[in-house]
file coords.cif (mmCIF, N, CA and C atoms)
data_work
loop_
_atom_site.group_PDB
_atom_site.id
_atom_site.type_symbol
_atom_site.label_atom_id
_atom_site.label_comp_id
_atom_site.auth_asym_id
_atom_site.auth_seq_id
_atom_site.Cartn_x
_atom_site.Cartn_y
_atom_site.Cartn_z
ATOM 1 N N MET A 128 17.210 10.481 -51.557
ATOM 2 C CA MET A 128 17.938 9.307 -51.994
ATOM 3 C C MET A 128 17.265 8.060 -51.447
ATOM 4 N N VAL A 129 17.323 7.026 -52.257
ATOM 5 C CA VAL A 129 16.836 5.713 -51.838
ATOM 6 C C VAL A 129 18.006 4.755 -51.968
ATOM 7 N N GLU A 130 18.182 3.920 -50.957
ATOM 8 C CA GLU A 130 19.301 2.982 -50.942
ATOM 9 C C GLU A 130 18.854 1.600 -51.371
ATOM 10 N N GLY A 131 19.661 0.980 -52.207
ATOM 11 C CA GLY A 131 19.435 -0.393 -52.642
ATOM 12 C C GLY A 131 20.430 -1.320 -51.971
ATOM 13 N N HIS A 132 20.702 -2.446 -52.579
ATOM 14 C CA HIS A 132 21.648 -3.413 -52.029
ATOM 15 C C HIS A 132 23.077 -2.910 -52.158
ATOM 16 N N LYS A 133 23.896 -3.323 -51.221
ATOM 17 C CA LYS A 133 25.327 -3.024 -51.216
ATOM 18 C C LYS A 133 25.621 -1.533 -51.360
ATOM 19 N N GLY A 134 24.770 -0.700 -50.775
ATOM 20 C CA GLY A 134 25.006 0.737 -50.760
ATOM 21 C C GLY A 134 24.649 1.471 -52.042
ATOM 22 N N ALA A 135 23.991 0.793 -52.982
ATOM 23 C CA ALA A 135 23.571 1.469 -54.215
ATOM 24 C C ALA A 135 22.571 2.561 -53.860
ATOM 25 N N LEU A 136 22.662 3.693 -54.535
ATOM 26 C CA LEU A 136 21.776 4.828 -54.265
ATOM 27 C C LEU A 136 21.165 5.336 -55.563
ATOM 28 N N ILE A 137 19.942 5.848 -55.465
ATOM 29 C CA ILE A 137 19.345 6.579 -56.572
ATOM 30 C C ILE A 137 18.797 7.882 -55.996
ATOM 31 N N CYS A 138 19.187 8.988 -56.621
ATOM 32 C CA CYS A 138 18.753 10.302 -56.133
ATOM 33 C C CYS A 138 17.384 10.648 -56.720
ATOM 34 N N SER A 139 16.766 11.664 -56.191
ATOM 35 C CA SER A 139 15.418 12.040 -56.628
ATOM 36 C C SER A 139 15.377 12.464 -58.091
ATOM 37 N N ARG A 140 16.400 13.152 -58.559
ATOM 38 C CA ARG A 140 16.429 13.576 -59.968
ATOM 39 C C ARG A 140 16.548 12.379 -60.908
ATOM 40 N N CYS A 141 17.417 11.441 -60.569
ATOM 41 C CA CYS A 141 17.570 10.240 -61.396
ATOM 42 C C CYS A 141 16.306 9.389 -61.328
ATOM 43 N N LEU A 142 15.714 9.310 -60.154
ATOM 44 C CA LEU A 142 14.477 8.548 -60.008
ATOM 45 C C LEU A 142 13.375 9.153 -60.869
ATOM 46 N N GLU A 143 13.267 10.462 -60.871
ATOM 47 C CA GLU A 143 12.260 11.129 -61.699
ATOM 48 C C GLU A 143 12.504 10.858 -63.187
ATOM 49 N N ALA A 144 13.756 10.981 -63.616
ATOM 50 C CA ALA A 144 14.095 10.739 -65.024
ATOM 51 C C ALA A 144 13.854 9.284 -65.402
ATOM 52 N N GLY A 145 14.299 8.371 -64.561
ATOM 53 C CA GLY A 145 14.129 6.949 -64.837
ATOM 54 C C GLY A 145 12.683 6.523 -64.847
ATOM 55 N N TYR A 146 11.911 7.026 -63.910
ATOM 56 C CA TYR A 146 10.489 6.687 -63.828
ATOM 57 C C TYR A 146 9.766 7.157 -65.088
ATOM 58 N N ALA A 147 10.026 8.391 -65.501
ATOM 59 C CA ALA A 147 9.378 8.933 -66.697
ATOM 60 C C ALA A 147 9.745 8.126 -67.936
ATOM 61 N N GLU A 148 11.023 7.764 -68.058
ATOM 62 C CA GLU A 148 11.474 7.026 -69.241
ATOM 63 C C GLU A 148 10.926 5.608 -69.290
ATOM 64 N N VAL A 149 11.047 4.892 -68.199
ATOM 65 C CA VAL A 149 10.688 3.470 -68.200
ATOM 66 C C VAL A 149 9.190 3.251 -68.027
ATOM 67 N N VAL A 150 8.573 3.920 -67.064
ATOM 68 C CA VAL A 150 7.160 3.681 -66.773
ATOM 69 C C VAL A 150 6.252 4.385 -67.774
ATOM 70 N N TYR A 151 6.524 5.651 -68.069
ATOM 71 C CA TYR A 151 5.638 6.404 -68.956
ATOM 72 C C TYR A 151 5.993 6.255 -70.435
ATOM 73 N N SER A 152 7.267 6.369 -70.764
ATOM 74 C CA SER A 152 7.661 6.281 -72.174
ATOM 75 C C SER A 152 7.864 4.849 -72.635
ATOM 76 N N GLN A 153 7.938 3.938 -71.674
ATOM 77 C CA GLN A 153 8.154 2.522 -71.954
ATOM 78 C C GLN A 153 9.355 2.320 -72.874
ATOM 79 N N SER A 154 10.443 3.006 -72.528
ATOM 80 C CA SER A 154 11.690 2.846 -73.259
ATOM 81 C C SER A 154 12.798 2.606 -72.251
ATOM 82 N N GLY A 155 13.941 2.243 -72.746
ATOM 83 C CA GLY A 155 15.073 1.949 -71.886
ATOM 84 C C GLY A 155 15.820 0.744 -72.414
ATOM 85 N N VAL A 156 16.635 0.162 -71.575
ATOM 86 C CA VAL A 156 17.412 -1.016 -71.930
ATOM 87 C C VAL A 156 16.571 -2.250 -71.612
ATOM 88 N N GLN A 157 16.382 -3.106 -72.596
ATOM 89 C CA GLN A 157 15.587 -4.319 -72.372
ATOM 90 C C GLN A 157 16.441 -5.362 -71.665
ATOM 91 N N GLY A 158 15.916 -5.879 -70.576
ATOM 92 C CA GLY A 158 16.623 -6.896 -69.818
ATOM 93 C C GLY A 158 16.130 -8.291 -70.149
ATOM 94 N N THR A 159 16.866 -9.273 -69.666
ATOM 95 C CA THR A 159 16.475 -10.669 -69.798
ATOM 96 C C THR A 159 16.601 -11.322 -68.434
ATOM 97 N N ALA A 160 15.729 -12.267 -68.161
ATOM 98 C CA ALA A 160 15.800 -12.991 -66.889
ATOM 99 C C ALA A 160 17.068 -13.826 -66.877
ATOM 100 N N GLY A 161 17.659 -13.958 -65.722
ATOM 101 C CA GLY A 161 18.879 -14.744 -65.625
ATOM 102 C C GLY A 161 19.324 -14.904 -64.193
ATOM 103 N N ASP A 162 20.558 -15.340 -64.039
ATOM 104 C CA ASP A 162 21.121 -15.523 -62.709
ATOM 105 C C ASP A 162 21.028 -14.237 -61.921
ATOM 106 N N VAL A 163 20.755 -14.378 -60.634
ATOM 107 C CA VAL A 163 20.621 -13.204 -59.784
ATOM 108 C C VAL A 163 21.962 -12.506 -59.600
ATOM 109 N N HIS A 164 23.010 -13.273 -59.389
ATOM 110 C CA HIS A 164 24.315 -12.653 -59.141
ATOM 111 C C HIS A 164 24.767 -11.887 -60.375
ATOM 112 N N PRO A 165 25.118 -10.611 -60.224
ATOM 113 C CA PRO A 165 25.438 -9.776 -61.374
ATOM 114 C C PRO A 165 26.644 -10.239 -62.181
ATOM 115 N N ARG A 166 27.550 -10.946 -61.580
ATOM 116 C CA ARG A 166 28.744 -11.357 -62.309
ATOM 117 C C ARG A 166 28.547 -12.705 -63.026
ATOM 118 N N ALA A 167 27.485 -13.417 -62.701
ATOM 119 C CA ALA A 167 27.219 -14.705 -63.341
ATOM 120 C C ALA A 167 26.287 -14.509 -64.524
ATOM 121 N N GLY A 168 26.618 -15.067 -65.647
ATOM 122 C CA GLY A 168 25.744 -14.993 -66.811
ATOM 123 C C GLY A 168 25.869 -13.680 -67.556
ATOM 124 N N ALA A 169 25.079 -13.595 -68.603
ATOM 125 C CA ALA A 169 25.119 -12.419 -69.464
ATOM 126 C C ALA A 169 23.846 -11.606 -69.313
ATOM 127 N N GLY A 170 23.901 -10.368 -69.791
ATOM 128 C CA GLY A 170 22.726 -9.510 -69.767
ATOM 129 C C GLY A 170 22.799 -8.471 -68.675
ATOM 130 N N PRO A 171 21.980 -7.433 -68.807
ATOM 131 C CA PRO A 171 22.005 -6.346 -67.821
ATOM 132 C C PRO A 171 21.465 -6.781 -66.466
ATOM 133 N N TRP A 172 21.917 -6.113 -65.430
ATOM 134 C CA TRP A 172 21.431 -6.365 -64.081
ATOM 135 C C TRP A 172 21.241 -5.038 -63.367
ATOM 136 N N CYS A 173 20.300 -5.040 -62.446
ATOM 137 C CA CYS A 173 19.930 -3.831 -61.711
ATOM 138 C C CYS A 173 20.927 -3.563 -60.586
ATOM 139 N N THR A 174 21.411 -2.341 -60.533
ATOM 140 C CA THR A 174 22.342 -1.939 -59.484
ATOM 141 C C THR A 174 21.658 -1.899 -58.118
ATOM 142 N N MET A 175 20.370 -1.633 -58.099
ATOM 143 C CA MET A 175 19.646 -1.507 -56.830
ATOM 144 C C MET A 175 19.324 -2.861 -56.199
ATOM 145 N N CYS A 176 18.807 -3.818 -56.972
ATOM 146 C CA CYS A 176 18.387 -5.103 -56.402
ATOM 147 C C CYS A 176 19.321 -6.251 -56.767
ATOM 148 N N LEU A 177 20.265 -6.003 -57.663
ATOM 149 C CA LEU A 177 21.250 -6.989 -58.112
ATOM 150 C C LEU A 177 20.616 -8.162 -58.856
ATOM 151 N N GLU A 178 19.437 -7.962 -59.431
ATOM 152 C CA GLU A 178 18.761 -9.028 -60.164
ATOM 153 C C GLU A 178 18.775 -8.758 -61.656
ATOM 154 N N ARG A 179 18.667 -9.841 -62.403
ATOM 155 C CA ARG A 179 18.445 -9.761 -63.849
ATOM 156 C C ARG A 179 16.971 -10.039 -64.068
ATOM 157 N N ARG A 180 16.289 -9.098 -64.674
ATOM 158 C CA ARG A 180 14.850 -9.225 -64.867
ATOM 159 C C ARG A 180 14.503 -8.985 -66.334
ATOM 160 N N ALA A 181 13.489 -9.672 -66.805
ATOM 161 C CA ALA A 181 13.035 -9.516 -68.193
ATOM 162 C C ALA A 181 12.081 -8.327 -68.268
ATOM 163 N N GLU A 182 12.616 -7.136 -68.069
ATOM 164 C CA GLU A 182 11.834 -5.907 -68.127
ATOM 165 C C GLU A 182 12.751 -4.766 -68.536
ATOM 166 N N LEU A 183 12.206 -3.576 -68.633
ATOM 167 C CA LEU A 183 13.004 -2.420 -69.019
ATOM 168 C C LEU A 183 13.824 -1.889 -67.845
ATOM 169 N N TYR A 184 14.993 -1.375 -68.180
ATOM 170 C CA TYR A 184 15.890 -0.753 -67.222
ATOM 171 C C TYR A 184 16.143 0.681 -67.653
ATOM 172 N N TRP A 185 16.366 1.555 -66.673
ATOM 173 C CA TRP A 185 16.818 2.909 -66.950
ATOM 174 C C TRP A 185 18.326 2.912 -66.785
ATOM 175 N N GLN A 186 19.034 3.522 -67.732
ATOM 176 C CA GLN A 186 20.481 3.629 -67.633
ATOM 177 C C GLN A 186 20.860 5.059 -67.303
ATOM 178 N N SER A 187 21.669 5.195 -66.283
ATOM 179 C CA SER A 187 22.141 6.521 -65.884
ATOM 180 C C SER A 187 22.952 7.152 -67.007
ATOM 181 N N PRO A 188 22.713 8.437 -67.287
ATOM 182 C CA PRO A 188 23.522 9.106 -68.298
ATOM 183 C C PRO A 188 24.920 9.445 -67.787
ATOM 184 N N ILE A 189 25.146 9.292 -66.489
ATOM 185 C CA ILE A 189 26.430 9.639 -65.883
ATOM 186 C C ILE A 189 27.340 8.415 -65.753
ATOM 187 N N THR A 190 26.760 7.292 -65.382
ATOM 188 C CA THR A 190 27.529 6.058 -65.211
ATOM 189 C C THR A 190 26.867 4.963 -66.047
ATOM 190 N N ASP A 191 27.434 3.790 -66.015
ATOM 191 C CA ASP A 191 26.848 2.684 -66.769
ATOM 192 C C ASP A 191 25.876 1.860 -65.916
ATOM 193 N N THR A 192 25.474 2.387 -64.779
ATOM 194 C CA THR A 192 24.575 1.653 -63.897
ATOM 195 C C THR A 192 23.151 1.623 -64.450
ATOM 196 N N LEU A 193 22.446 0.564 -64.098
ATOM 197 C CA LEU A 193 21.074 0.360 -64.546
ATOM 198 C C LEU A 193 20.154 0.192 -63.344
ATOM 199 N N CYS A 194 18.897 0.592 -63.514
ATOM 200 C CA CYS A 194 17.881 0.421 -62.475
ATOM 201 C C CYS A 194 16.648 -0.175 -63.137
ATOM 202 N N CYS A 195 16.166 -1.316 -62.626
ATOM 203 C CA CYS A 195 15.023 -1.990 -63.236
ATOM 204 C C CYS A 195 13.711 -1.268 -62.925
ATOM 205 N N ARG A 196 12.720 -1.578 -63.709
ATOM 206 C CA ARG A 196 11.394 -0.967 -63.573
ATOM 207 C C ARG A 196 10.827 -1.187 -62.173
ATOM 208 N N ARG A 197 10.977 -2.402 -61.669
ATOM 209 C CA ARG A 197 10.463 -2.708 -60.335
ATOM 210 C C ARG A 197 11.107 -1.817 -59.282
ATOM 211 N N CYS A 198 12.430 -1.649 -59.342
ATOM 212 C CA CYS A 198 13.115 -0.810 -58.352
ATOM 213 C C CYS A 198 12.754 0.664 -58.520
ATOM 214 N N LEU A 199 12.545 1.107 -59.757
ATOM 215 C CA LEU A 199 12.100 2.488 -59.963
ATOM 216 C C LEU A 199 10.747 2.715 -59.300
ATOM 217 N N LYS A 200 9.824 1.774 -59.489
ATOM 218 C CA LYS A 200 8.487 1.924 -58.902
ATOM 219 C C LYS A 200 8.534 1.819 -57.377
ATOM 220 N N GLN A 201 9.319 0.874 -56.858
ATOM 221 C CA GLN A 201 9.431 0.743 -55.405
ATOM 222 C C GLN A 201 10.081 1.982 -54.795
ATOM 223 N N SER A 202 11.136 2.468 -55.427
ATOM 224 C CA SER A 202 11.829 3.655 -54.914
ATOM 225 C C SER A 202 10.927 4.882 -54.953
ATOM 226 N N ALA A 203 10.116 4.993 -56.001
ATOM 227 C CA ALA A 203 9.169 6.111 -56.087
ATOM 228 C C ALA A 203 8.173 6.044 -54.931
ATOM 229 N N GLY A 204 7.705 4.853 -54.624
ATOM 230 C CA GLY A 204 6.780 4.693 -53.503
ATOM 231 C C GLY A 204 7.412 5.054 -52.174
ATOM 232 N N VAL A 205 8.657 4.638 -51.981
ATOM 233 C CA VAL A 205 9.379 4.936 -50.735
ATOM 234 C C VAL A 205 9.586 6.434 -50.580
ATOM 235 N N LEU A 206 10.091 7.075 -51.617
ATOM 236 C CA LEU A 206 10.391 8.502 -51.535
ATOM 237 C C LEU A 206 9.121 9.338 -51.417
ATOM 238 N N GLU A 207 8.073 8.901 -52.075
ATOM 239 C CA GLU A 207 6.806 9.632 -52.030
ATOM 240 C C GLU A 207 6.169 9.575 -50.632
ATOM 241 N N ARG A 208 6.400 8.494 -49.913
ATOM 242 C CA ARG A 208 5.822 8.349 -48.566
ATOM 243 C C ARG A 208 6.633 9.044 -47.478
ATOM 244 N N ASP A 209 7.802 9.552 -47.825
ATOM 245 C CA ASP A 209 8.648 10.220 -46.837
ATOM 246 C C ASP A 209 8.142 11.647 -46.622
ATOM 247 N N PRO A 210 7.531 11.918 -45.451
ATOM 248 C CA PRO A 210 6.950 13.245 -45.217
ATOM 249 C C PRO A 210 8.002 14.354 -45.126
ATOM 250 N N ASP A 211 9.235 14.007 -44.820
ATOM 251 C CA ASP A 211 10.287 15.014 -44.701
ATOM 252 C C ASP A 211 10.830 15.461 -46.047
ATOM 253 N N PHE A 212 10.627 14.647 -47.076
ATOM 254 C CA PHE A 212 11.222 14.963 -48.370
ATOM 255 C C PHE A 212 10.272 15.706 -49.299
ATOM 256 N N GLY A 213 8.991 15.327 -49.309
ATOM 257 C CA GLY A 213 8.011 16.024 -50.137
ATOM 258 C C GLY A 213 8.115 15.723 -51.625
ATOM 259 N N TRP A 214 8.684 14.592 -51.987
ATOM 260 C CA TRP A 214 8.847 14.225 -53.394
ATOM 261 C C TRP A 214 7.567 13.611 -53.935
ATOM 262 N N LYS A 215 7.244 13.911 -55.174
ATOM 263 C CA LYS A 215 6.100 13.304 -55.857
ATOM 264 C C LYS A 215 6.593 12.699 -57.158
ATOM 265 N N ARG A 216 6.073 11.520 -57.488
ATOM 266 C CA ARG A 216 6.476 10.910 -58.760
ATOM 267 C C ARG A 216 5.985 11.774 -59.900
ATOM 268 N N PRO A 217 6.707 11.761 -61.014
ATOM 269 C CA PRO A 217 6.308 12.617 -62.135
ATOM 270 C C PRO A 217 4.939 12.216 -62.668
ATOM 271 N N THR A 218 4.222 13.187 -63.165
ATOM 272 C CA THR A 218 2.918 12.889 -63.754
ATOM 273 C C THR A 218 3.118 12.446 -65.198
ATOM 274 N N ALA A 219 2.176 11.667 -65.678
ATOM 275 C CA ALA A 219 2.254 11.181 -67.059
ATOM 276 C C ALA A 219 2.134 12.357 -68.014
ATOM 277 N N PRO A 220 2.913 12.362 -69.072
ATOM 278 C CA PRO A 220 2.806 13.440 -70.069
ATOM 279 C C PRO A 220 1.407 13.471 -70.683
ATOM 280 N N ALA A 221 1.005 14.643 -71.148
ATOM 281 C CA ALA A 221 -0.311 14.793 -71.781
ATOM 282 C C ALA A 221 -0.444 13.817 -72.938
ATOM 283 N N GLY A 222 -1.560 13.149 -72.981
ATOM 284 C CA GLY A 222 -1.834 12.211 -74.059
ATOM 285 C C GLY A 222 -1.295 10.811 -73.828
ATOM 286 N N VAL A 223 -0.517 10.621 -72.773
ATOM 287 C CA VAL A 223 0.015 9.296 -72.471
ATOM 288 C C VAL A 223 -0.909 8.617 -71.474
ATOM 289 N N GLU A 224 -1.431 7.492 -71.891
ATOM 290 C CA GLU A 224 -2.300 6.734 -71.016
ATOM 291 C C GLU A 224 -1.468 5.655 -70.347
ATOM 292 N N VAL A 225 -1.460 5.654 -69.041
ATOM 293 C CA VAL A 225 -0.685 4.676 -68.304
ATOM 294 C C VAL A 225 -1.533 3.444 -68.116
ATOM 295 N N ALA A 226 -1.109 2.358 -68.756
ATOM 296 C CA ALA A 226 -1.856 1.108 -68.659
ATOM 297 C C ALA A 226 -1.551 0.445 -67.327
ATOM 298 N N PRO A 227 -2.574 -0.061 -66.656
ATOM 299 C CA PRO A 227 -2.297 -0.791 -65.410
ATOM 300 C C PRO A 227 -1.526 -2.059 -65.761
ATOM 301 N N ASP A 228 -0.469 -2.308 -65.011
ATOM 302 C CA ASP A 228 0.353 -3.462 -65.328
ATOM 303 C C ASP A 228 0.109 -4.636 -64.395
ATOM 304 N N GLY A 229 -0.797 -4.457 -63.465
ATOM 305 C CA GLY A 229 -1.164 -5.562 -62.596
ATOM 306 C C GLY A 229 -0.168 -5.858 -61.491
ATOM 307 N N ASP A 230 0.890 -5.085 -61.383
ATOM 308 C CA ASP A 230 1.817 -5.348 -60.283
ATOM 309 C C ASP A 230 1.647 -4.316 -59.189
ATOM 310 N N ASP A 231 2.027 -4.716 -58.011
ATOM 311 C CA ASP A 231 1.943 -3.821 -56.866
ATOM 312 C C ASP A 231 3.334 -3.529 -56.341
ATOM 313 N N ASP A 232 4.309 -3.504 -57.235
ATOM 314 C CA ASP A 232 5.697 -3.346 -56.828
ATOM 315 C C ASP A 232 5.993 -2.028 -56.147
ATOM 316 N N ASP A 233 5.167 -1.019 -56.385
ATOM 317 C CA ASP A 233 5.460 0.266 -55.763
ATOM 318 C C ASP A 233 4.661 0.490 -54.497
ATOM 319 N N GLU A 234 3.973 -0.473 -54.056
ATOM 320 C CA GLU A 234 3.162 -0.346 -52.831
ATOM 321 C C GLU A 234 3.928 -0.801 -51.628
#

call {"tool": "encode", "arguments": {"input": "coords.cif", "output": "structure tokens"}}
result
Amino acid sequence: MVEGHKGALICSRCLEAGYAEVVYSQSGVQGTAGDVHPRAGAGPWCTMCLERRAELYWQSPITDTLCCRRCLKQSAGVLERDPDFGWKRPTAPAGVEVAPDGDDDDE
């Protein structure tokens, strides 16, 4: 598990599913930039960082919570570096070329 703001959590299974969907499949809920506070303004906001970002979000199939691409990548980096957990981010599906996006959000 990785913890976000205000006790938000993402488990390894959800992180794997979200990472594959948003980073590799480039699908999900499209966000728009806006007020940081989740209750101010319109549009989706990330449960982990509480920000509205103009990028893709993964939506949990269990709840209506969303996790932005940046938080998925950062959480993958955190969990992958934990020697006690042994988690690895999912590999890209065959034939999918992962384009470098120029960000270092998962470092």

call {"tool": "closest_residue", "arguments": {"input": "coords.cif", "among": "A:Thr192, A:Thr174, A:Ser139, A:Gln186", "to": "Gly155 (chain A)", "atoms": "only N, CA and C atoms"}}
result
A:Gln186

call {"tool": "residues_around", "arguments": {"input": "coords.cif", "residues": "Cys194 (chain A)", "least_positions_apart": "2", "cutoff": "6 Å", "atoms": "only C-alpha atoms", "output": "PDB file with N, CA and C atoms, keeping the file's coordinate frame"}}
result
ATOM      1  N   CYS A 173      20.300  -5.040 -62.446  1.00  0.00           N
ATOM      2  CA  CYS A 173      19.930  -3.831 -61.711  1.00  0.00           C
ATOM      3  C   CYS A 173      20.927  -3.563 -60.586  1.00  0.00           C
ATOM      4  N   THR A 174      21.411  -2.341 -60.533  1.00  0.00           N
ATOM      5  CA  THR A 174      22.342  -1.939 -59.484  1.00  0.00           C
ATOM      6  C   THR A 174      21.658  -1.899 -58.118  1.00  0.00           C
ATOM      7  N   TYR A 184      14.993  -1.375 -68.180  1.00  0.00           N
ATOM      8  CA  TYR A 184      15.890  -0.753 -67.222  1.00  0.00           C
ATOM      9  C   TYR A 184      16.143   0.681 -67.653  1.00  0.00           C
ATOM     10  N   TRP A 185      16.366   1.555 -66.673  1.00  0.00           N
ATOM     11  CA  TRP A 185      16.818   2.909 -66.950  1.00  0.00           C
ATOM     12  C   TRP A 185      18.326   2.912 -66.785  1.00  0.00           C
TER      13      TRP A 185
END

call {"tool": "residues_around", "arguments": {"input": "coords.cif", "residues": "region 210-223 of chain A", "least_positions_apart": "4", "cutoff": "12 Å", "atoms": "only C-alpha atoms", "output": "compact mmCIF listing (two decimals) with N, CA and C atoms, in the frame of the given file"}}
result
# COMPACT_ATOMS: atom_id res chain seq x y z
N MET A 128 17.21 10.48 -51.56
CA MET A 128 17.94 9.31 -51.99
C MET A 128 17.26 8.06 -51.45
N VAL A 129 17.32 7.03 -52.26
CA VAL A 129 16.84 5.71 -51.84
C VAL A 129 18.01 4.76 -51.97
N CYS A 138 19.19 8.99 -56.62
CA CYS A 138 18.75 10.30 -56.13
C CYS A 138 17.38 10.65 -56.72
N SER A 139 16.77 11.66 -56.19
CA SER A 139 15.42 12.04 -56.63
C SER A 139 15.38 12.46 -58.09
N ARG A 140 16.40 13.15 -58.56
CA ARG A 140 16.43 13.58 -59.97
C ARG A 140 16.55 12.38 -60.91
N CYS A 141 17.42 11.44 -60.57
CA CYS A 141 17.57 10.24 -61.40
C CYS A 141 16.31 9.39 -61.33
N LEU A 142 15.71 9.31 -60.15
CA LEU A 142 14.48 8.55 -60.01
C LEU A 142 13.38 9.15 -60.87
N GLU A 143 13.27 10.46 -60.87
CA GLU A 143 12.26 11.13 -61.70
C GLU A 143 12.50 10.86 -63.19
N ALA A 144 13.76 10.98 -63.62
CA ALA A 144 14.10 10.74 -65.02
C ALA A 144 13.85 9.28 -65.40
N GLY A 145 14.30 8.37 -64.56
CA GLY A 145 14.13 6.95 -64.84
C GLY A 145 12.68 6.52 -64.85
N TYR A 146 11.91 7.03 -63.91
CA TYR A 146 10.49 6.69 -63.83
C TYR A 146 9.77 7.16 -65.09
N ALA A 147 10.03 8.39 -65.50
CA ALA A 147 9.38 8.93 -66.70
C ALA A 147 9.74 8.13 -67.94
N GLU A 148 11.02 7.76 -68.06
CA GLU A 148 11.47 7.03 -69.24
C GLU A 148 10.93 5.61 -69.29
N VAL A 149 11.05 4.89 -68.20
CA VAL A 149 10.69 3.47 -68.20
C VAL A 149 9.19 3.25 -68.03
N VAL A 150 8.57 3.92 -67.06
CA VAL A 150 7.16 3.68 -66.77
C VAL A 150 6.25 4.38 -67.77
N TYR A 151 6.52 5.65 -68.07
CA TYR A 151 5.64 6.40 -68.96
C TYR A 151 5.99 6.26 -70.44
N SER A 152 7.27 6.37 -70.76
CA SER A 152 7.66 6.28 -72.17
C SER A 152 7.86 4.85 -72.64
N GLN A 153 7.94 3.94 -71.67
CA GLN A 153 8.15 2.52 -71.95
C GLN A 153 9.36 2.32 -72.87
N LEU A 199 12.54 1.11 -59.76
CA LEU A 199 12.10 2.49 -59.96
C LEU A 199 10.75 2.72 -59.30
N LYS A 200 9.82 1.77 -59.49
CA LYS A 200 8.49 1.92 -58.90
C LYS A 200 8.53 1.82 -57.38
N GLN A 201 9.32 0.87 -56.86
CA GLN A 201 9.43 0.74 -55.40
C GLN A 201 10.08 1.98 -54.80
N SER A 202 11.14 2.47 -55.43
CA SER A 202 11.83 3.66 -54.91
C SER A 202 10.93 4.88 -54.95
N ALA A 203 10.12 4.99 -56.00
CA ALA A 203 9.17 6.11 -56.09
C ALA A 203 8.17 6.04 -54.93
N GLY A 204 7.70 4.85 -54.62
CA GLY A 204 6.78 4.69 -53.50
C GLY A 204 7.41 5.05 -52.17
N VAL A 205 8.66 4.64 -51.98
CA VAL A 205 9.38 4.94 -50.74
C VAL A 205 9.59 6.43 -50.58
N LEU A 206 10.09 7.08 -51.62
CA LEU A 206 10.39 8.50 -51.54
C LEU A 206 9.12 9.34 -51.42
N ASP A 233 5.17 -1.02 -56.38
CA ASP A 233 5.46 0.27 -55.76
C ASP A 233 4.66 0.49 -54.50

call {"tool": "select_by_dssp", "arguments": {"input": "coords.cif", "residues": "chain A", "states": "strand (DSSP E or B)", "output": "JSON, numbers by chain"}}
result
{"A": [129, 130, 136, 137, 156, 157, 183, 184, 185, 186, 193, 194, 195]}

call {"tool": "resolve_selection", "arguments": {"input": "coords.cif", "expression": "the PyMOL selection byres ((chain A and resi 182) around 8)", "output": "count of residues only"}}
result
15

call {"tool": "atom_distance", "arguments": {"input": "coords.cif", "atom1": "CA of Ala169 (chain A)", "atom2": "CA of Ala135 (chain A)"}}
result
20.7 Å

call {"tool": "atom_distance", "arguments": {"input": "coords.cif", "atom1": "CA of Gly134 (chain A)", "atom2": "CA of Pro171 (chain A)"}}
result
18.7 Å

call {"tool": "select_by_dssp", "arguments": {"input": "coords.cif", "residues": "region 130-222 of chain A", "states": "alpha helix (DSSP H)", "output": "VMD selection string"}}
result
chain A and resid 139 to 146 196 to 208

call {"tool": "residues_around", "arguments": {"input": "coords.cif", "residues": "Lys133 (chain A)", "least_positions_apart": "4", "cutoff": "8 Å", "atoms": "all atoms listed in the file", "output": "list of chain:residue names"}}
result
A:Thr174, A:Met175, A:Cys176, A:Leu177

call {"tool": "atom_distance", "arguments": {"input": "coords.cif", "atom1": "CA of Arg208 (chain A)", "atom2": "CA of Asp191 (chain A)"}}
result
28.4 Å

call {"tool": "decode", "arguments": {"input": "coords.cif", "residues": "region 145-154 of chain A", "atoms": "N, CA and C atoms", "output": "PDB file, in the first residue's frame"}}
result
ATOM      1  N   GLY A 145      -4.220   0.351 -12.414  1.00  0.00           N
ATOM      2  CA  GLY A 145      -4.227   1.755 -12.809  1.00  0.00           C
ATOM      3  C   GLY A 145      -3.044   2.127 -13.666  1.00  0.00           C
ATOM      4  N   TYR A 146      -1.879   1.631 -13.316  1.00  0.00           N
ATOM      5  CA  TYR A 146      -0.664   1.920 -14.081  1.00  0.00           C
ATOM      6  C   TYR A 146      -0.799   1.379 -15.502  1.00  0.00           C
ATOM      7  N   ALA A 147      -1.261   0.141 -15.629  1.00  0.00           N
ATOM      8  CA  ALA A 147      -1.421  -0.466 -16.952  1.00  0.00           C
ATOM      9  C   ALA A 147      -2.425   0.308 -17.796  1.00  0.00           C
ATOM     10  N   GLU A 148      -3.538   0.712 -17.182  1.00  0.00           N
ATOM     11  CA  GLU A 148      -4.580   1.423 -17.929  1.00  0.00           C
ATOM     12  C   GLU A 148      -4.146   2.818 -18.354  1.00  0.00           C
ATOM     13  N   VAL A 149      -3.612   3.575 -17.428  1.00  0.00           N
ATOM     14  CA  VAL A 149      -3.306   4.983 -17.707  1.00  0.00           C
ATOM     15  C   VAL A 149      -1.978   5.154 -18.434  1.00  0.00           C
ATOM     16  N   VAL A 150      -0.926   4.497 -17.965  1.00  0.00           N
ATOM     17  CA  VAL A 150       0.401   4.694 -18.548  1.00  0.00           C
ATOM     18  C   VAL A 150       0.564   3.923 -19.852  1.00  0.00           C
ATOM     19  N   TYR A 151       0.159   2.658 -19.873  1.00  0.00           N
ATOM     20  CA  TYR A 151       0.370   1.841 -21.068  1.00  0.00           C
ATOM     21  C   TYR A 151      -0.768   1.950 -22.084  1.00  0.00           C
ATOM     22  N   SER A 152      -2.002   1.871 -21.617  1.00  0.00           N
ATOM     23  CA  SER A 152      -3.132   1.923 -22.550  1.00  0.00           C
ATOM     24  C   SER A 152      -3.550   3.344 -22.883  1.00  0.00           C
ATOM     25  N   GLN A 153      -3.050   4.291 -22.100  1.00  0.00           N
ATOM     26  CA  GLN A 153      -3.375   5.703 -22.277  1.00  0.00           C
ATOM     27  C   GLN A 153      -4.884   5.915 -22.352  1.00  0.00           C
ATOM     28  N   SER A 154      -5.584   5.282 -21.411  1.00  0.00           N
ATOM     29  CA  SER A 154      -7.023   5.461 -21.304  1.00  0.00           C
ATOM     30  C   SER A 154      -7.350   5.777 -19.856  1.00  0.00           C
TER      31      SER A 154
END
